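Right, one structure below, let's go through it.
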Amino acid sequence: MITRRALVLGVTAASLAGLAAAALLVRQREEFKPPSLPPDSPLIRDHSPVLGRKDAPVTVVEFFDPACEACRAFHPIVKRILRTYPEQVRIVLRYAAFHQGSDEAVGMLEAARLQNLFEPALEALLESQPAWAAHGRPRLDIAWDAVARIGLDVERARRERMLPGLVARLNQDAADATALGISQTPTFFINGQPLSSFGIEQLLESVASEVRGLD
């Protein structure tokens with residue numbers, strides 16, 4: 001039987017591991033240059049998935065790739081922001097499928113949305129990412145197995161991920177990422193402004209500053 005103390009220690013260890021991984025990836029991206037924001041380039045589309053309150057006054061847009069190690073490392077930070085500011089902040093997700101196999105993984109997520117399983121599918125793909133997202137040789141069968149375990153109707157999802165409307169959403173996200181000059185993931189915008197530099201503290205402080213400005 002798992003004790004409460006053991007569970008807390010396990011969660012803490014996982015959180016610390018995530019923070020350490022994120023910090024390492026930050027150091028690997030010291031050459032980060034914030035993207036310029038061309039006029040009239042939309043950061044958000046009507047089809048964009050939203051985590052948190054849809055009407056929250058502070059909007060964090062994240063361009064992410066489900067096969068991206070840095071996106072996986074930053075995901076606990078994103079969830080921490082939502083826990084800290086449940087009424088004030090929403091996360092809008094945009095796809096930037098840069099890695100091989102990511103387009104199919106993104107299709108899984110969109111098909112999961114049709115079954116009201118987007119967030120569980122996102123968690124499943126990120127948790128199992130080390131097993132399926134090896135660069136250059138992705139194992140999408142493992143990714144499909146991961147989303148099947150959260151109750152996704154895989155046969156239906158395989159059909160629906162190719163629906164013209166769903167494919168059009170993904171093409172639009174790819175076009176918007178190109179127009180915005182997104183070249184790496186995750187890339188964050190807070191209330192329309194890119195981070196001036198990439199990092200955990202920069203993201204947390206930028207969000208906190210916008211929340212403070214609501215007072």
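All residue names refer to the structure tokens as shown: chains lettered A, B, ... in order, residues numbered from 1 in each chain, ligands numbered from 1 in order.
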
So that I can check the surroundings of A:Ala112, please list as an mmCIF file with N, CA, C and O atoms, in the first residue's frame every protein, DNA and RNA residue that reaches within 12 Å of it, counting only C-alpha atoms and ignoring chain neighbours fewer than 4 positions away.
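File part_33.cif, as written:
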```
data_model
loop_
_atom_site.group_PDB
_atom_site.id
_atom_site.type_symbol
_atom_site.label_atom_id
_atom_site.label_comp_id
_atom_site.auth_asym_id
_atom_site.auth_seq_id
_atom_site.Cartn_x
_atom_site.Cartn_y
_atom_site.Cartn_z
ATOM 1 N N PRO A 49 -6.813 24.786 -28.806
ATOM 2 C CA PRO A 49 -7.161 24.224 -27.496
ATOM 3 C C PRO A 49 -6.799 25.200 -26.378
ATOM 4 O O PRO A 49 -5.781 25.898 -26.450
ATOM 5 N N ALA A 105 1.150 12.608 -34.073
ATOM 6 C CA ALA A 105 0.838 12.781 -32.656
ATOM 7 C C ALA A 105 -0.128 13.940 -32.445
ATOM 8 O O ALA A 105 -1.052 13.861 -31.622
ATOM 9 N N VAL A 106 0.063 15.010 -33.191
ATOM 10 C CA VAL A 106 -0.861 16.142 -33.116
ATOM 11 C C VAL A 106 -2.244 15.711 -33.591
ATOM 12 O O VAL A 106 -3.271 16.100 -33.019
ATOM 13 N N GLY A 107 -2.287 14.898 -34.632
ATOM 14 C CA GLY A 107 -3.566 14.366 -35.101
ATOM 15 C C GLY A 107 -4.265 13.537 -34.033
ATOM 16 O O GLY A 107 -5.492 13.587 -33.893
ATOM 17 N N MET A 108 -3.482 12.808 -33.249
ATOM 18 C CA MET A 108 -4.069 12.054 -32.131
ATOM 19 C C MET A 108 -4.734 13.002 -31.138
ATOM 20 O O MET A 108 -5.840 12.730 -30.642
ATOM 21 N N ASN A 116 -13.650 14.333 -26.326
ATOM 22 C CA ASN A 116 -13.548 15.013 -25.029
ATOM 23 C C ASN A 116 -12.452 14.423 -24.146
ATOM 24 O O ASN A 116 -12.590 14.325 -22.922
ATOM 25 N N LEU A 117 -11.339 14.064 -24.772
ATOM 26 C CA LEU A 117 -10.220 13.462 -24.051
ATOM 27 C C LEU A 117 -8.905 14.178 -24.354
ATOM 28 O O LEU A 117 -7.830 13.576 -24.248
ATOM 29 N N PHE A 118 -8.988 15.457 -24.705
ATOM 30 C CA PHE A 118 -7.773 16.159 -25.114
ATOM 31 C C PHE A 118 -6.721 16.178 -24.002
ATOM 32 O O PHE A 118 -5.565 15.789 -24.219
ATOM 33 N N GLU A 119 -7.084 16.654 -22.810
ATOM 34 C CA GLU A 119 -6.088 16.785 -21.747
ATOM 35 C C GLU A 119 -5.527 15.431 -21.302
ATOM 36 O O GLU A 119 -4.308 15.299 -21.139
ATOM 37 N N PRO A 120 -6.371 14.397 -21.105
ATOM 38 C CA PRO A 120 -5.784 13.088 -20.791
ATOM 39 C C PRO A 120 -4.853 12.582 -21.890
ATOM 40 O O PRO A 120 -3.810 11.983 -21.598
ATOM 41 N N ALA A 121 -5.206 12.823 -23.152
ATOM 42 C CA ALA A 121 -4.348 12.381 -24.255
ATOM 43 C C ALA A 121 -3.032 13.150 -24.255
ATOM 44 O O ALA A 121 -1.952 12.577 -24.499
ATOM 45 N N LEU A 122 -3.092 14.451 -23.979
ATOM 46 C CA LEU A 122 -1.876 15.256 -23.900
ATOM 47 C C LEU A 122 -0.955 14.725 -22.801
ATOM 48 O O LEU A 122 0.262 14.553 -23.015
ATOM 49 N N GLU A 123 -1.525 14.455 -21.636
ATOM 50 C CA GLU A 123 -0.721 13.923 -20.538
ATOM 51 C C GLU A 123 -0.113 12.572 -20.912
ATOM 52 O O GLU A 123 1.061 12.294 -20.608
ATOM 53 N N ALA A 124 -0.907 11.719 -21.560
ATOM 54 C CA ALA A 124 -0.422 10.385 -21.923
ATOM 55 C C ALA A 124 0.719 10.460 -22.924
ATOM 56 O O ALA A 124 1.718 9.738 -22.809
ATOM 57 N N LEU A 125 0.599 11.344 -23.914
ATOM 58 C CA LEU A 125 1.653 11.465 -24.925
ATOM 59 C C LEU A 125 2.933 12.026 -24.322
ATOM 60 O O LEU A 125 4.042 11.573 -24.654
ATOM 61 N N TRP A 144 0.138 5.497 -29.891
ATOM 62 C CA TRP A 144 -1.261 5.069 -29.994
ATOM 63 C C TRP A 144 -1.653 4.205 -28.788
ATOM 64 O O TRP A 144 -2.755 4.334 -28.252
ATOM 65 N N VAL A 147 -2.383 6.519 -25.766
ATOM 66 C CA VAL A 147 -3.686 7.199 -25.751
ATOM 67 C C VAL A 147 -4.829 6.199 -25.645
ATOM 68 O O VAL A 147 -5.913 6.531 -25.138
ATOM 69 N N ALA A 148 -4.610 4.965 -26.083
ATOM 70 C CA ALA A 148 -5.650 3.942 -25.916
ATOM 71 C C ALA A 148 -5.891 3.666 -24.432
ATOM 72 O O ALA A 148 -7.022 3.413 -24.007
ATOM 73 N N ILE A 150 -6.007 5.656 -22.013
ATOM 74 C CA ILE A 150 -6.844 6.639 -21.315
ATOM 75 C C ILE A 150 -8.300 6.541 -21.766
ATOM 76 O O ILE A 150 -9.126 7.364 -21.401
ATOM 77 N N GLY A 151 -8.591 5.520 -22.561
ATOM 78 C CA GLY A 151 -9.972 5.277 -22.960
ATOM 79 C C GLY A 151 -10.330 5.783 -24.341
ATOM 80 O O GLY A 151 -11.504 5.764 -24.723
ATOM 81 N N LEU A 152 -9.346 6.239 -25.107
ATOM 82 C CA LEU A 152 -9.621 6.728 -26.450
ATOM 83 C C LEU A 152 -10.048 5.576 -27.360
ATOM 84 O O LEU A 152 -9.462 4.493 -27.334
ATOM 85 N N ASP A 153 -11.086 5.823 -28.152
ATOM 86 C CA ASP A 153 -11.494 4.882 -29.193
ATOM 87 C C ASP A 153 -10.503 5.050 -30.341
ATOM 88 O O ASP A 153 -10.624 5.957 -31.163
ATOM 89 N N VAL A 154 -9.497 4.196 -30.374
ATOM 90 C CA VAL A 154 -8.390 4.371 -31.313
ATOM 91 C C VAL A 154 -8.830 4.185 -32.759
ATOM 92 O O VAL A 154 -8.402 4.929 -33.651
ATOM 93 N N GLU A 155 -9.687 3.219 -33.001
ATOM 94 C CA GLU A 155 -10.152 2.995 -34.375
ATOM 95 C C GLU A 155 -10.852 4.246 -34.909
ATOM 96 O O GLU A 155 -10.603 4.685 -36.041
ATOM 97 N N ARG A 156 -11.718 4.822 -34.089
ATOM 98 C CA ARG A 156 -12.401 6.054 -34.485
ATOM 99 C C ARG A 156 -11.392 7.201 -34.657
ATOM 100 O O ARG A 156 -11.471 7.969 -35.618
ATOM 101 N N ALA A 157 -10.435 7.307 -33.722
ATOM 102 C CA ALA A 157 -9.453 8.391 -33.780
ATOM 103 C C ALA A 157 -8.580 8.287 -35.022
ATOM 104 O O ALA A 157 -8.241 9.314 -35.629
ATOM 105 N N ARG A 158 -8.210 7.097 -35.420
ATOM 106 C CA ARG A 158 -7.387 6.935 -36.627
ATOM 107 C C ARG A 158 -8.132 7.456 -37.855
ATOM 108 O O ARG A 158 -7.522 8.031 -38.768
ATOM 109 N N ARG A 159 -9.443 7.245 -37.887
ATOM 110 C CA ARG A 159 -10.240 7.765 -39.012
ATOM 111 C C ARG A 159 -10.376 9.282 -38.925
ATOM 112 O O ARG A 159 -10.166 9.998 -39.905
ATOM 113 N N GLU A 160 -10.716 9.754 -37.743
ATOM 114 C CA GLU A 160 -11.093 11.160 -37.619
ATOM 115 C C GLU A 160 -9.899 12.108 -37.678
ATOM 116 O O GLU A 160 -10.077 13.291 -38.005
ATOM 117 N N ARG A 161 -8.692 11.640 -37.391
ATOM 118 C CA ARG A 161 -7.549 12.544 -37.461
ATOM 119 C C ARG A 161 -7.268 12.998 -38.889
ATOM 120 O O ARG A 161 -6.550 13.975 -39.097
ATOM 121 N N LEU A 166 -10.182 18.852 -39.601
ATOM 122 C CA LEU A 166 -9.123 18.691 -38.617
ATOM 123 C C LEU A 166 -7.755 18.943 -39.249
ATOM 124 O O LEU A 166 -6.910 19.636 -38.676
#
```

Go through stretch 15-201 of chain A and collect every residue that DSSP, computed from the backbone, puts in strand (DSSP E); the answer should be as a ChimeraX atom specification.
/A:50-52,58-64,89-95,187-190,193-194

Now that the selection is made, can you save its residues with N, CA, C and O atoms as an mmCIF file, in the first residue's frame?
```cif
data_model
loop_
_atom_site.group_PDB
_atom_site.id
_atom_site.type_symbol
_atom_site.label_atom_id
_atom_site.label_comp_id
_atom_site.auth_asym_id
_atom_site.auth_seq_id
_atom_site.Cartn_x
_atom_site.Cartn_y
_atom_site.Cartn_z
ATOM 1 N N VAL A 50 -7.630 25.236 -25.351
ATOM 2 C CA VAL A 50 -7.416 26.117 -24.202
ATOM 3 C C VAL A 50 -7.392 25.290 -22.930
ATOM 4 O O VAL A 50 -8.291 24.482 -22.688
ATOM 5 N N LEU A 51 -6.362 25.496 -22.117
ATOM 6 C CA LEU A 51 -6.288 24.901 -20.789
ATOM 7 C C LEU A 51 -6.604 25.993 -19.778
ATOM 8 O O LEU A 51 -6.051 27.094 -19.848
ATOM 9 N N GLY A 52 -7.469 25.696 -18.828
ATOM 10 C CA GLY A 52 -7.880 26.699 -17.865
ATOM 11 C C GLY A 52 -9.158 27.399 -18.298
ATOM 12 O O GLY A 52 -9.842 26.969 -19.236
ATOM 13 N N VAL A 58 -5.585 36.834 -18.505
ATOM 14 C CA VAL A 58 -4.184 36.716 -18.937
ATOM 15 C C VAL A 58 -4.059 35.481 -19.824
ATOM 16 O O VAL A 58 -4.446 34.380 -19.428
ATOM 17 N N THR A 59 -3.541 35.694 -21.023
ATOM 18 C CA THR A 59 -3.437 34.608 -21.995
ATOM 19 C C THR A 59 -1.982 34.270 -22.264
ATOM 20 O O THR A 59 -1.195 35.131 -22.669
ATOM 21 N N VAL A 60 -1.624 33.016 -22.030
ATOM 22 C CA VAL A 60 -0.310 32.496 -22.390
ATOM 23 C C VAL A 60 -0.490 31.608 -23.613
ATOM 24 O O VAL A 60 -1.234 30.622 -23.558
ATOM 25 N N VAL A 61 0.139 31.979 -24.706
ATOM 26 C CA VAL A 61 0.114 31.148 -25.910
ATOM 27 C C VAL A 61 1.410 30.351 -25.954
ATOM 28 O O VAL A 61 2.497 30.918 -25.827
ATOM 29 N N GLU A 62 1.281 29.040 -26.108
ATOM 30 C CA GLU A 62 2.455 28.176 -26.213
ATOM 31 C C GLU A 62 2.428 27.448 -27.548
ATOM 32 O O GLU A 62 1.499 26.699 -27.838
ATOM 33 N N PHE A 63 3.444 27.680 -28.366
ATOM 34 C CA PHE A 63 3.657 26.862 -29.555
ATOM 35 C C PHE A 63 4.439 25.639 -29.096
ATOM 36 O O PHE A 63 5.546 25.764 -28.554
ATOM 37 N N PHE A 64 3.859 24.463 -29.288
ATOM 38 C CA PHE A 64 4.491 23.264 -28.751
ATOM 39 C C PHE A 64 4.409 22.103 -29.726
ATOM 40 O O PHE A 64 3.636 22.099 -30.688
ATOM 41 N N VAL A 89 -5.466 33.082 -15.419
ATOM 42 C CA VAL A 89 -4.620 32.692 -16.559
ATOM 43 C C VAL A 89 -5.239 31.536 -17.338
ATOM 44 O O VAL A 89 -5.786 30.601 -16.753
ATOM 45 N N ARG A 90 -5.141 31.630 -18.638
ATOM 46 C CA ARG A 90 -5.467 30.508 -19.524
ATOM 47 C C ARG A 90 -4.253 30.232 -20.410
ATOM 48 O O ARG A 90 -3.467 31.135 -20.720
ATOM 49 N N ILE A 91 -4.096 28.986 -20.808
ATOM 50 C CA ILE A 91 -3.031 28.570 -21.715
ATOM 51 C C ILE A 91 -3.668 28.188 -23.039
ATOM 52 O O ILE A 91 -4.548 27.325 -23.086
ATOM 53 N N VAL A 92 -3.244 28.842 -24.106
ATOM 54 C CA VAL A 92 -3.719 28.517 -25.450
ATOM 55 C C VAL A 92 -2.606 27.776 -26.168
ATOM 56 O O VAL A 92 -1.480 28.275 -26.266
ATOM 57 N N LEU A 93 -2.906 26.588 -26.639
ATOM 58 C CA LEU A 93 -1.906 25.743 -27.280
ATOM 59 C C LEU A 93 -1.983 25.857 -28.798
ATOM 60 O O LEU A 93 -3.068 25.772 -29.379
ATOM 61 N N ARG A 94 -0.827 26.070 -29.397
ATOM 62 C CA ARG A 94 -0.691 26.062 -30.861
ATOM 63 C C ARG A 94 0.322 24.988 -31.229
ATOM 64 O O ARG A 94 1.315 24.778 -30.534
ATOM 65 N N TYR A 95 0.073 24.304 -32.332
ATOM 66 C CA TYR A 95 0.943 23.209 -32.739
ATOM 67 C C TYR A 95 2.073 23.702 -33.632
ATOM 68 O O TYR A 95 1.867 24.506 -34.545
ATOM 69 N N THR A 187 7.692 27.883 -27.565
ATOM 70 C CA THR A 187 7.803 29.339 -27.658
ATOM 71 C C THR A 187 6.553 29.925 -27.023
ATOM 72 O O THR A 187 5.441 29.528 -27.363
ATOM 73 N N PHE A 188 6.760 30.865 -26.104
ATOM 74 C CA PHE A 188 5.662 31.424 -25.324
ATOM 75 C C PHE A 188 5.432 32.894 -25.651
ATOM 76 O O PHE A 188 6.375 33.654 -25.872
ATOM 77 N N PHE A 189 4.153 33.271 -25.654
ATOM 78 C CA PHE A 189 3.734 34.661 -25.722
ATOM 79 C C PHE A 189 2.805 34.919 -24.538
ATOM 80 O O PHE A 189 1.911 34.113 -24.269
ATOM 81 N N ILE A 190 3.002 36.022 -23.849
ATOM 82 C CA ILE A 190 2.140 36.380 -22.725
ATOM 83 C C ILE A 190 1.407 37.659 -23.077
ATOM 84 O O ILE A 190 2.042 38.701 -23.307
ATOM 85 N N GLN A 193 2.830 39.236 -26.185
ATOM 86 C CA GLN A 193 4.236 39.605 -26.247
ATOM 87 C C GLN A 193 5.126 38.390 -26.030
ATOM 88 O O GLN A 193 4.895 37.606 -25.102
ATOM 89 N N PRO A 194 6.164 38.218 -26.866
ATOM 90 C CA PRO A 194 7.067 37.087 -26.655
ATOM 91 C C PRO A 194 7.946 37.296 -25.439
ATOM 92 O O PRO A 194 8.206 38.431 -25.029
#
```

So which residues touch A:Gln202 within 12 Å, counting only C-alpha atoms, skipping near sequence neighbours fewer than 3 positions away, as a ChimeraX atom specification?
/A:23,26,77,188-190,194-199,205-209

Please dump the current selection as an mmCIF file, in the first residue's frame; keep N, CA, C and O atoms.
```cif
data_model
loop_
_atom_site.group_PDB
_atom_site.id
_atom_site.type_symbol
_atom_site.label_atom_id
_atom_site.label_comp_id
_atom_site.auth_asym_id
_atom_site.auth_seq_id
_atom_site.Cartn_x
_atom_site.Cartn_y
_atom_site.Cartn_z
ATOM 1 N N ALA A 23 15.633 23.122 -16.659
ATOM 2 C CA ALA A 23 16.794 23.994 -16.483
ATOM 3 C C ALA A 23 17.923 23.613 -17.429
ATOM 4 O O ALA A 23 18.599 24.480 -17.997
ATOM 5 N N VAL A 26 17.086 24.848 -20.830
ATOM 6 C CA VAL A 26 17.279 26.295 -20.907
ATOM 7 C C VAL A 26 18.731 26.599 -21.220
ATOM 8 O O VAL A 26 19.037 27.429 -22.069
ATOM 9 N N ILE A 77 5.661 23.151 -15.489
ATOM 10 C CA ILE A 77 5.690 24.589 -15.207
ATOM 11 C C ILE A 77 4.378 25.228 -15.665
ATOM 12 O O ILE A 77 3.789 26.064 -14.967
ATOM 13 N N PHE A 188 6.760 30.865 -26.104
ATOM 14 C CA PHE A 188 5.662 31.424 -25.324
ATOM 15 C C PHE A 188 5.432 32.894 -25.651
ATOM 16 O O PHE A 188 6.375 33.654 -25.872
ATOM 17 N N PHE A 189 4.153 33.271 -25.654
ATOM 18 C CA PHE A 189 3.734 34.661 -25.722
ATOM 19 C C PHE A 189 2.805 34.919 -24.538
ATOM 20 O O PHE A 189 1.911 34.113 -24.269
ATOM 21 N N ILE A 190 3.002 36.022 -23.849
ATOM 22 C CA ILE A 190 2.140 36.380 -22.725
ATOM 23 C C ILE A 190 1.407 37.659 -23.077
ATOM 24 O O ILE A 190 2.042 38.701 -23.307
ATOM 25 N N PRO A 194 6.164 38.218 -26.866
ATOM 26 C CA PRO A 194 7.067 37.087 -26.655
ATOM 27 C C PRO A 194 7.946 37.296 -25.439
ATOM 28 O O PRO A 194 8.206 38.431 -25.029
ATOM 29 N N LEU A 195 8.405 36.202 -24.852
ATOM 30 C CA LEU A 195 9.382 36.311 -23.776
ATOM 31 C C LEU A 195 10.648 36.955 -24.332
ATOM 32 O O LEU A 195 11.088 36.631 -25.435
ATOM 33 N N SER A 196 11.247 37.849 -23.550
ATOM 34 C CA SER A 196 12.480 38.493 -24.004
ATOM 35 C C SER A 196 13.656 37.525 -23.986
ATOM 36 O O SER A 196 14.620 37.681 -24.739
ATOM 37 N N SER A 197 13.588 36.526 -23.119
ATOM 38 C CA SER A 197 14.586 35.465 -23.077
ATOM 39 C C SER A 197 13.913 34.198 -22.596
ATOM 40 O O SER A 197 12.895 34.247 -21.900
ATOM 41 N N PHE A 198 14.495 33.077 -22.947
ATOM 42 C CA PHE A 198 13.861 31.792 -22.678
ATOM 43 C C PHE A 198 14.284 31.257 -21.317
ATOM 44 O O PHE A 198 15.474 31.205 -21.013
ATOM 45 N N GLY A 199 13.320 30.871 -20.494
ATOM 46 C CA GLY A 199 13.668 30.270 -19.225
ATOM 47 C C GLY A 199 12.468 30.126 -18.310
ATOM 48 O O GLY A 199 11.421 30.742 -18.524
ATOM 49 N N GLU A 205 7.871 34.900 -14.146
ATOM 50 C CA GLU A 205 7.827 36.317 -13.786
ATOM 51 C C GLU A 205 6.966 37.106 -14.767
ATOM 52 O O GLU A 205 6.246 38.026 -14.363
ATOM 53 N N SER A 206 7.027 36.775 -16.047
ATOM 54 C CA SER A 206 6.203 37.476 -17.035
ATOM 55 C C SER A 206 4.717 37.263 -16.754
ATOM 56 O O SER A 206 3.917 38.202 -16.836
ATOM 57 N N VAL A 207 4.355 36.033 -16.419
ATOM 58 C CA VAL A 207 2.957 35.750 -16.089
ATOM 59 C C VAL A 207 2.563 36.476 -14.802
ATOM 60 O O VAL A 207 1.496 37.108 -14.727
ATOM 61 N N ALA A 208 3.428 36.400 -13.785
ATOM 62 C CA ALA A 208 3.127 37.060 -12.504
ATOM 63 C C ALA A 208 2.957 38.565 -12.693
ATOM 64 O O ALA A 208 2.077 39.183 -12.079
ATOM 65 N N SER A 209 3.781 39.161 -13.563
ATOM 66 C CA SER A 209 3.694 40.595 -13.812
ATOM 67 C C SER A 209 2.356 40.961 -14.437
ATOM 68 O O SER A 209 1.720 41.971 -14.054
#
```

Could you write out, as a ChimeraX atom specification, all the residues of stretch 37-123 of chain A that DSSP marks as alpha helix (DSSP H)?
/A:69-84,102-114,118-123

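The space between atom CA of A:Phe98 and atom CA of A:Ile142 spans 19.1 Å.
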
Close residues, A:Arg72 itself excluded, 10 Å, only C-alpha atoms, min 3 positions apart in chain, as JSON, numbers by chain
{"A": [18, 21, 22, 64, 65, 66, 67, 68, 69, 75, 76, 77, 123, 125, 126, 127, 128, 129, 130, 186]}

Please provide as a list in words all residues within 7 Å of A:Gly136, with the sequence filter that same-chain residues fewer than 2 positions apart are discarded (counting only C-alpha atoms).
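Neighbouring residues, sequence-local ones excluded: Gln100, Ala134 and Pro138 of chain A.
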
Would you mind exporting C-alpha atoms of the selected residues as a JSON list (two decimals), in the first residue's frame?
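part34.json, freshly written:
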```json
[["chain", "number", "residue", "atom", "x", "y", "z"],
["A", 100, "GLN", "CA", 9.44, 13.49, -37.29],
["A", 134, "ALA", "CA", 13.11, 9.04, -30.44],
["A", 138, "PRO", "CA", 9.58, 7.63, -33.79]]
```

Which of A:Gln88, A:Ala133, A:Leu203, A:Gln172 sits closest to A:Asp46 [using only C-alpha atoms]:
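Checking each candidate against A:Asp46, we get A:Gln172 as the closest.
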